[in-house]
Amino acid sequence: MALRCLIVDDNPGFLEVARTLLVQEGLEIVGVASTGADAVDSAAELRPDVILLDIDLGPESGFRVAQWLVDDPDVDPGALILISSHAEEDLADLIEASPAIGFLAKPMLSATAIERLIRTAGGGSDQPGDTLAR
């Protein structure tokens, strides 16, 4: 069964490109959101396996939205992954302090990278050929 994914980003162009790429790679994109409030509402309604959350949501902080997602009793954010066009090194302390399981730079976004982060966070093996049990 394909991973069910919610993408949260305020850039419509990126949302379309990411959706197309990840669907081609076998993920099921159950929804997209452009604001923190939409992300919380969508996550509560859609119950995705994974949420890809942009760190820069216009005037909102993706770090704050990540906390909203985990604090809301109606939301099970599944695997929460932060994404950004910024370098991970620039945000390492904030990423580490966040409730996210990890970070992906937008140019590195792929189904394989998402599955690898989920396996790593779950204590699973990161060997080629491993599949994500769902």
# chains A, B, ... in the order shown; residues from 1 in each chain; ligands from 1

$ select_by_dssp --residues "range 31-133 of chain A" --states "alpha helix (DSSP H)" --output "PyMOL selection string"
chain A and resi 36-46+62-71+88-97+111-121

$ closest_atom_pairs --of "range 73-125 of chain A" --to "range 43-61 of chain A" --cutoff "10 Å" --atoms "only C-alpha atoms" --output "CSV"
residue,atom,partner,partner_atom,distance
A:Pro73,CA,A:Ala44,CA,9.1
A:Asp74,CA,A:Ala44,CA,5.7
A:Val75,CA,A:Ala44,CA,4.6
A:Asp76,CA,A:Arg47,CA,6.5
A:Pro77,CA,A:Ala43,CA,6.4
A:Gly78,CA,A:Asp49,CA,4.8
A:Ala79,CA,A:Val50,CA,4.5
A:Leu80,CA,A:Ile51,CA,4.9
A:Ile81,CA,A:Leu52,CA,5.0
A:Leu82,CA,A:Leu53,CA,4.8
A:Ile83,CA,A:Asp54,CA,4.7
A:Ser84,CA,A:Asp54,CA,5.5
A:Ser85,CA,A:Asp54,CA,8.7
A:His86,CA,A:Ile55,CA,8.8
A:Leu91,CA,A:Ile55,CA,9.5
A:Ile95,CA,A:Ile55,CA,9.3
A:Ala100,CA,A:Leu53,CA,9.2
A:Phe103,CA,A:Leu52,CA,9.1
A:Leu104,CA,A:Leu52,CA,8.9
A:Ala105,CA,A:Asp54,CA,9.7
A:Lys106,CA,A:Asp54,CA,8.9
A:Leu109,CA,A:Leu52,CA,9.7
A:Ile114,CA,A:Val50,CA,8.6
A:Glu115,CA,A:Val50,CA,9.7
A:Ile118,CA,A:Val50,CA,8.7

$ closest_residue --among "A:Glu96, A:Asp72, A:Glu88, A:Glu16" --to "Gly31 in chain A" --atoms "only C-alpha atoms"
A:Glu16

$ closest_residue --among "A:Leu69, A:Pro99, A:Glu25, A:Leu15" --to "Leu3 in chain A" --atoms "only C-alpha atoms"
A:Glu25

$ closest_residue --among "A:Ala111, A:Leu27, A:Leu117, A:Val65" --to "Asp41 in chain A" --atoms "only C-alpha atoms"
A:Val65

$ residues_around --residues "Thr35 in chain A" --least-positions-apart "3" --cutoff "8 Å" --atoms "only C-alpha atoms" --output "compact mmCIF listing (two decimals) with C-alpha atoms, in the first residue's frame"
# COMPACT_ATOMS: atom_id res chain seq x y z
CA VAL A 8 2.10 21.76 3.13
CA ASP A 9 3.72 24.63 1.21
CA ASP A 10 2.66 28.16 0.27
CA ASP A 38 -5.27 24.42 6.49
CA ALA A 39 -2.52 21.95 7.42
CA LEU A 57 4.95 29.25 5.05
CA GLU A 60 4.01 31.54 9.34

$ select_by_dssp --residues "chain A" --states "strand (DSSP E)" --output "MDAnalysis selection string"
chainID A and resid 4:8 28:33 50:54 56:57 60:61 79:84 102:105

$ closest_residue --among "A:Met108, A:Val17, A:Ala33, A:Ile101" --to "Ala121 in chain A" --atoms "only C-alpha atoms"
A:Ile101

$ closest_residue --among "A:Ser34, A:Ser110, A:Thr120, A:Gln67" --to "Leu6 in chain A" --atoms "only C-alpha atoms"
A:Ser34

$ decode --residues "range 55-71 of chain A" --atoms "all heavy atoms" --output "short mmCIF file (atom, residue, chain, number, x, y, z; two decimals), in the first residue's frame"
data_model
loop_
_atom_site.label_atom_id
_atom_site.label_comp_id
_atom_site.auth_asym_id
_atom_site.auth_seq_id
_atom_site.Cartn_x
_atom_site.Cartn_y
_atom_site.Cartn_z
N ILE A 55 9.22 24.76 5.94
CA ILE A 55 9.63 25.55 7.10
C ILE A 55 9.18 27.01 6.96
O ILE A 55 8.85 27.65 7.94
CB ILE A 55 11.16 25.45 7.27
CG1 ILE A 55 11.51 24.05 7.77
CG2 ILE A 55 11.68 26.51 8.22
CD1 ILE A 55 13.00 23.75 7.82
N ASP A 56 9.13 27.51 5.72
CA ASP A 56 8.71 28.89 5.46
C ASP A 56 7.34 28.89 4.80
O ASP A 56 7.21 28.68 3.60
CB ASP A 56 9.70 29.59 4.52
CG ASP A 56 11.04 29.83 5.17
OD1 ASP A 56 11.07 30.22 6.34
OD2 ASP A 56 12.06 29.63 4.48
N LEU A 57 6.31 29.16 5.59
CA LEU A 57 4.95 29.25 5.05
C LEU A 57 4.52 30.71 5.03
O LEU A 57 3.67 31.13 5.81
CB LEU A 57 3.98 28.45 5.93
CG LEU A 57 4.04 26.95 5.84
CD1 LEU A 57 3.08 26.30 6.83
CD2 LEU A 57 3.72 26.49 4.43
N GLY A 58 5.11 31.46 4.13
CA GLY A 58 4.80 32.89 4.08
C GLY A 58 5.08 33.52 5.43
O GLY A 58 6.19 33.42 5.94
N PRO A 59 4.07 34.14 6.05
CA PRO A 59 4.29 34.79 7.34
C PRO A 59 4.36 33.80 8.52
O PRO A 59 4.70 34.18 9.63
CB PRO A 59 3.09 35.72 7.49
CG PRO A 59 2.02 35.06 6.69
CD PRO A 59 2.73 34.39 5.53
N GLU A 60 4.03 32.53 8.26
CA GLU A 60 4.01 31.54 9.34
C GLU A 60 5.31 30.74 9.39
O GLU A 60 5.96 30.51 8.38
CB GLU A 60 2.86 30.54 9.13
CG GLU A 60 1.49 31.16 9.23
CD GLU A 60 0.41 30.12 9.02
OE1 GLU A 60 0.22 29.71 7.86
OE2 GLU A 60 -0.23 29.74 10.01
N SER A 61 5.63 30.29 10.57
CA SER A 61 6.79 29.42 10.77
C SER A 61 6.34 27.96 10.68
O SER A 61 5.44 27.55 11.41
CB SER A 61 7.40 29.68 12.14
OG SER A 61 8.25 28.61 12.51
N GLY A 62 6.99 27.20 9.81
CA GLY A 62 6.70 25.78 9.73
C GLY A 62 7.02 25.06 11.04
O GLY A 62 6.39 24.07 11.38
N PHE A 63 7.98 25.58 11.79
CA PHE A 63 8.30 24.98 13.08
C PHE A 63 7.11 25.12 14.04
O PHE A 63 6.78 24.19 14.78
CB PHE A 63 9.55 25.63 13.69
CG PHE A 63 10.80 25.35 12.91
CD1 PHE A 63 11.41 26.37 12.18
CD2 PHE A 63 11.36 24.08 12.86
CE1 PHE A 63 12.56 26.13 11.44
CE2 PHE A 63 12.50 23.83 12.13
CZ PHE A 63 13.11 24.85 11.42
N ARG A 64 6.47 26.29 14.01
CA ARG A 64 5.30 26.50 14.86
C ARG A 64 4.14 25.61 14.40
O ARG A 64 3.44 25.00 15.21
CB ARG A 64 4.87 27.97 14.84
CG ARG A 64 3.62 28.21 15.67
CD ARG A 64 3.33 29.66 15.90
NE ARG A 64 4.28 30.13 16.89
CZ ARG A 64 4.80 31.35 16.90
NH1 ARG A 64 4.47 32.21 15.98
NH2 ARG A 64 5.64 31.70 17.85
N VAL A 65 3.95 25.50 13.10
CA VAL A 65 2.88 24.65 12.56
C VAL A 65 3.13 23.19 12.94
O VAL A 65 2.21 22.46 13.29
CB VAL A 65 2.76 24.83 11.03
CG1 VAL A 65 1.75 23.83 10.45
CG2 VAL A 65 2.35 26.26 10.69
N ALA A 66 4.38 22.76 12.90
CA ALA A 66 4.72 21.39 13.31
C ALA A 66 4.26 21.14 14.74
O ALA A 66 3.69 20.09 15.05
CB ALA A 66 6.22 21.15 13.17
N GLN A 67 4.48 22.11 15.61
CA GLN A 67 4.06 21.95 17.00
C GLN A 67 2.55 21.92 17.11
O GLN A 67 1.99 21.14 17.88
CB GLN A 67 4.64 23.09 17.86
CG GLN A 67 4.65 22.77 19.33
CD GLN A 67 5.47 21.53 19.66
OE1 GLN A 67 6.64 21.43 19.32
NE2 GLN A 67 4.85 20.57 20.32
N TRP A 68 1.85 22.76 16.33
CA TRP A 68 0.38 22.73 16.32
C TRP A 68 -0.12 21.35 15.94
O TRP A 68 -1.06 20.83 16.52
CB TRP A 68 -0.19 23.73 15.33
CG TRP A 68 0.02 25.18 15.62
CD1 TRP A 68 0.43 25.74 16.81
CD2 TRP A 68 -0.16 26.25 14.72
NE1 TRP A 68 0.52 27.10 16.67
CE2 TRP A 68 0.17 27.45 15.40
CE3 TRP A 68 -0.54 26.33 13.38
CZ2 TRP A 68 0.09 28.69 14.80
CZ3 TRP A 68 -0.61 27.58 12.78
CH2 TRP A 68 -0.30 28.75 13.48
N LEU A 69 0.52 20.76 14.92
CA LEU A 69 0.08 19.45 14.44
C LEU A 69 0.20 18.37 15.51
O LEU A 69 -0.69 17.54 15.66
CB LEU A 69 0.87 19.05 13.19
CG LEU A 69 0.51 19.82 11.92
CD1 LEU A 69 1.61 19.66 10.87
CD2 LEU A 69 -0.83 19.35 11.38
N VAL A 70 1.28 18.38 16.26
CA VAL A 70 1.46 17.35 17.28
C VAL A 70 0.67 17.65 18.55
O VAL A 70 0.33 16.73 19.30
CB VAL A 70 2.94 17.08 17.61
CG1 VAL A 70 3.68 16.57 16.40
CG2 VAL A 70 3.62 18.28 18.20
N ASP A 71 0.37 18.93 18.79
CA ASP A 71 -0.37 19.30 20.01
C ASP A 71 -1.87 19.15 19.86
O ASP A 71 -2.58 19.06 20.86
CB ASP A 71 -0.05 20.74 20.42
CG ASP A 71 1.35 20.89 20.99
OD1 ASP A 71 1.99 19.87 21.31
OD2 ASP A 71 1.81 22.05 21.10
#
